[in-house]
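Structure record follows, encoded as structure tokens.
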Amino acid sequence: MATDRIPISKDGYDKLRAQLDKMKNEEMPKIAQDIAEARAFGDLSENAEYDAAREAQGMLQARINDLETKLSRSMIVDKATLPSDRVVFGAKVRVMDLDHNEEEDYTLVGPGEEDYDNNKILTTSPIGQALVGKKVGDEVEVPVPRGKLRYRVVVINPD
């Protein structure tokens, strides 16, 4: 699974790349400086500043590793080359919630572009995965912790 490619727009890729550069070139050196200053306080066994700085370094390194993995798996997609009759990366899709008889709109995006407050969901999310490849009129079931969501694709707008 680690070799699966993740679709992403050029803007999304650039945004993630900028985050990674900031972490590596600004935040990590600052933490290294904090560690050096805390080390100067002496006894490391009872040095809360040192422990906090080391913990922050570990957490930042984990975030850096995660971003590097996302970027290495990313595949920049030109949305203009994608089909318009199916739900694909970058598409705006309107679905009918079959249990509540309400329509919802989603835009399928890649890492760095997700915005759940504005219904921009990852193609790798459960709803995104269920919708990818579907056509208008197709129905999907999405397993969620509280049961299943049932949707029918109503409209597909390529972006």
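How things are named: the first chain in the structure tokens is A, the next is B, and so on; residues count from 1 in each chain; ligands count from 1 in the order shown.
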Residues within 8 Å of stretch 89-105 of chain A, only C-alpha atoms, excluding chain neighbours under 4 positions, as an MDAnalysis selection string: chainID A and resid 7 79 109:110 119 123 132 149:159
I want to know what sits within 10 Å of A:Ile76, based on only C-alpha atoms, with residues of the same chain fewer than 6 positions away left out; could you give that as a compact mmCIF listing (two decimals) with N, CA and C atoms, in the first residue's frame?
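Below is the file that was written, part13.txt:
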# COMPACT_ATOMS: atom_id res chain seq x y z
N ARG A 5 -0.20 5.73 -5.34
CA ARG A 5 -0.02 7.13 -5.69
C ARG A 5 -1.23 7.92 -5.19
N ILE A 6 -0.98 9.14 -4.74
CA ILE A 6 -2.03 10.02 -4.24
C ILE A 6 -2.18 11.18 -5.21
N PRO A 7 -3.38 11.33 -5.82
CA PRO A 7 -3.55 12.47 -6.74
C PRO A 7 -3.53 13.77 -5.95
N ILE A 8 -2.92 14.78 -6.56
CA ILE A 8 -2.81 16.09 -5.92
C ILE A 8 -2.69 17.14 -7.02
N SER A 9 -3.23 18.31 -6.76
CA SER A 9 -3.08 19.40 -7.73
C SER A 9 -1.71 20.04 -7.53
N LYS A 10 -1.29 20.82 -8.51
CA LYS A 10 -0.01 21.53 -8.40
C LYS A 10 -0.04 22.48 -7.20
N ASP A 11 -1.17 23.18 -6.98
CA ASP A 11 -1.29 24.09 -5.84
C ASP A 11 -1.19 23.34 -4.52
N GLY A 12 -1.85 22.20 -4.42
CA GLY A 12 -1.79 21.39 -3.20
C GLY A 12 -0.38 20.89 -2.93
N TYR A 13 0.32 20.46 -3.99
CA TYR A 13 1.69 19.99 -3.85
C TYR A 13 2.59 21.12 -3.36
N GLY A 110 -6.90 16.56 -3.08
CA GLY A 110 -5.74 15.82 -2.60
C GLY A 110 -5.21 16.42 -1.31
Residue set, chain A restricted to helix (DSSP H, G or I), as JSON, numbers by chain: {"A": [10, 11, 12, 13, 14, 15, 16, 17, 18, 19, 20, 21, 22, 23, 24, 25, 26, 27, 28, 29, 30, 31, 32, 33, 34, 35, 36, 37, 38, 39, 44, 45, 46, 48, 49, 50, 51, 52, 53, 54, 55, 56, 57, 58, 59, 60, 61, 62, 63, 64, 65, 66, 67, 68, 69, 70, 71, 72, 73, 79, 80, 81, 116, 117, 118, 126, 127, 128, 129, 130, 131]}
Give me a file of those residues, with C-alpha atoms, as a CSV table (one decimal), in the first residue's frame.
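That gives us part38.csv:
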chain,number,residue,atom,x,y,z
A,10,LYS,CA,0.0,21.5,-8.4
A,11,ASP,CA,-1.3,24.1,-5.8
A,12,GLY,CA,-1.8,21.4,-3.2
A,13,TYR,CA,1.7,20.0,-3.8
A,14,ASP,CA,3.3,23.5,-3.6
A,15,LYS,CA,1.4,24.1,-0.3
A,16,LEU,CA,2.7,20.9,1.2
A,17,ARG,CA,6.2,21.5,-0.1
A,18,ALA,CA,6.2,25.0,1.5
A,19,GLN,CA,5.0,23.5,4.9
A,20,LEU,CA,7.8,21.0,4.7
A,21,ASP,CA,10.4,23.6,3.9
A,22,LYS,CA,9.3,25.8,6.8
A,23,MET,CA,9.5,22.8,9.2
A,24,LYS,CA,12.9,21.8,8.1
A,25,ASN,CA,14.5,25.2,7.6
A,26,GLU,CA,12.8,27.3,10.3
A,27,GLU,CA,11.2,25.2,13.0
A,28,MET,CA,13.7,22.4,13.3
A,29,PRO,CA,16.7,24.7,13.7
A,30,LYS,CA,14.8,26.7,16.3
A,31,ILE,CA,14.2,23.5,18.3
A,32,ALA,CA,17.8,22.5,18.0
A,33,GLN,CA,18.7,25.9,19.4
A,34,ASP,CA,16.2,25.4,22.3
A,35,ILE,CA,17.8,22.0,23.0
A,36,ALA,CA,21.3,23.5,23.1
A,37,GLU,CA,20.2,26.3,25.4
A,38,ALA,CA,18.4,23.8,27.7
A,39,ARG,CA,21.5,21.6,27.7
A,44,LEU,CA,19.7,16.8,32.0
A,45,SER,CA,17.9,14.3,34.3
A,46,GLU,CA,15.8,17.1,35.9
A,48,ALA,CA,12.1,20.2,32.0
A,49,GLU,CA,13.1,22.6,29.3
A,50,TYR,CA,15.4,20.0,27.7
A,51,ASP,CA,12.7,17.3,27.9
A,52,ALA,CA,10.1,19.6,26.4
A,53,ALA,CA,12.5,20.6,23.6
A,54,ARG,CA,13.4,17.0,22.8
A,55,GLU,CA,9.7,16.1,22.8
A,56,ALA,CA,8.9,19.0,20.4
A,57,GLN,CA,11.8,17.8,18.2
A,58,GLY,CA,10.4,14.3,18.0
A,59,MET,CA,6.9,15.5,17.2
A,60,LEU,CA,8.1,17.9,14.5
A,61,GLN,CA,10.3,15.1,13.0
A,62,ALA,CA,7.2,12.8,12.9
A,63,ARG,CA,5.3,15.6,11.0
A,64,ILE,CA,8.2,16.1,8.6
A,65,ASN,CA,8.3,12.3,7.9
A,66,ASP,CA,4.6,12.3,7.3
A,67,LEU,CA,4.8,15.2,4.8
A,68,GLU,CA,7.8,13.6,3.1
A,69,THR,CA,5.8,10.4,2.6
A,70,LYS,CA,2.8,12.3,1.2
A,71,LEU,CA,4.9,14.2,-1.2
A,72,SER,CA,6.8,11.1,-2.3
A,73,ARG,CA,3.5,9.3,-3.1
A,79,LYS,CA,-7.7,18.2,-14.0
A,80,ALA,CA,-8.3,19.1,-17.6
A,81,THR,CA,-7.3,15.6,-18.7
A,116,TYR,CA,-14.0,19.9,5.8
A,117,ASP,CA,-15.8,23.1,6.8
A,118,ASN,CA,-16.3,23.7,3.0
A,126,PRO,CA,-14.2,7.0,3.1
A,127,ILE,CA,-16.7,9.1,1.2
A,128,GLY,CA,-14.2,10.1,-1.4
A,129,GLN,CA,-13.2,6.5,-2.0
A,130,ALA,CA,-16.9,5.4,-2.3
A,131,LEU,CA,-17.7,8.2,-4.8
Secondary structure check, strand (DSSP E or B) residues of stretch 64-120 of chain A, as a list in words: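 Filtering stretch 64-120 of chain A down to strand (DSSP E or B) leaves Ser74, Met75, Ile76, Lys92, Val93, Arg94, Val95, Met96, Asp97, Glu102, Glu103, Glu104, Asp105, Tyr106, Thr107, Leu108, Val109, Asp115 and Lys120 of chain A.
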Length of the atom CA of A:Thr124 to atom CA of A:Val142 vector [Å]: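 So the answer is 12.7 Å.
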Straight-line distance linking atom CA of A:Glu139 with atom CA of A:Ile121, stated in Å to one decimal: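 Interatomic distance here is 18.4 Å.
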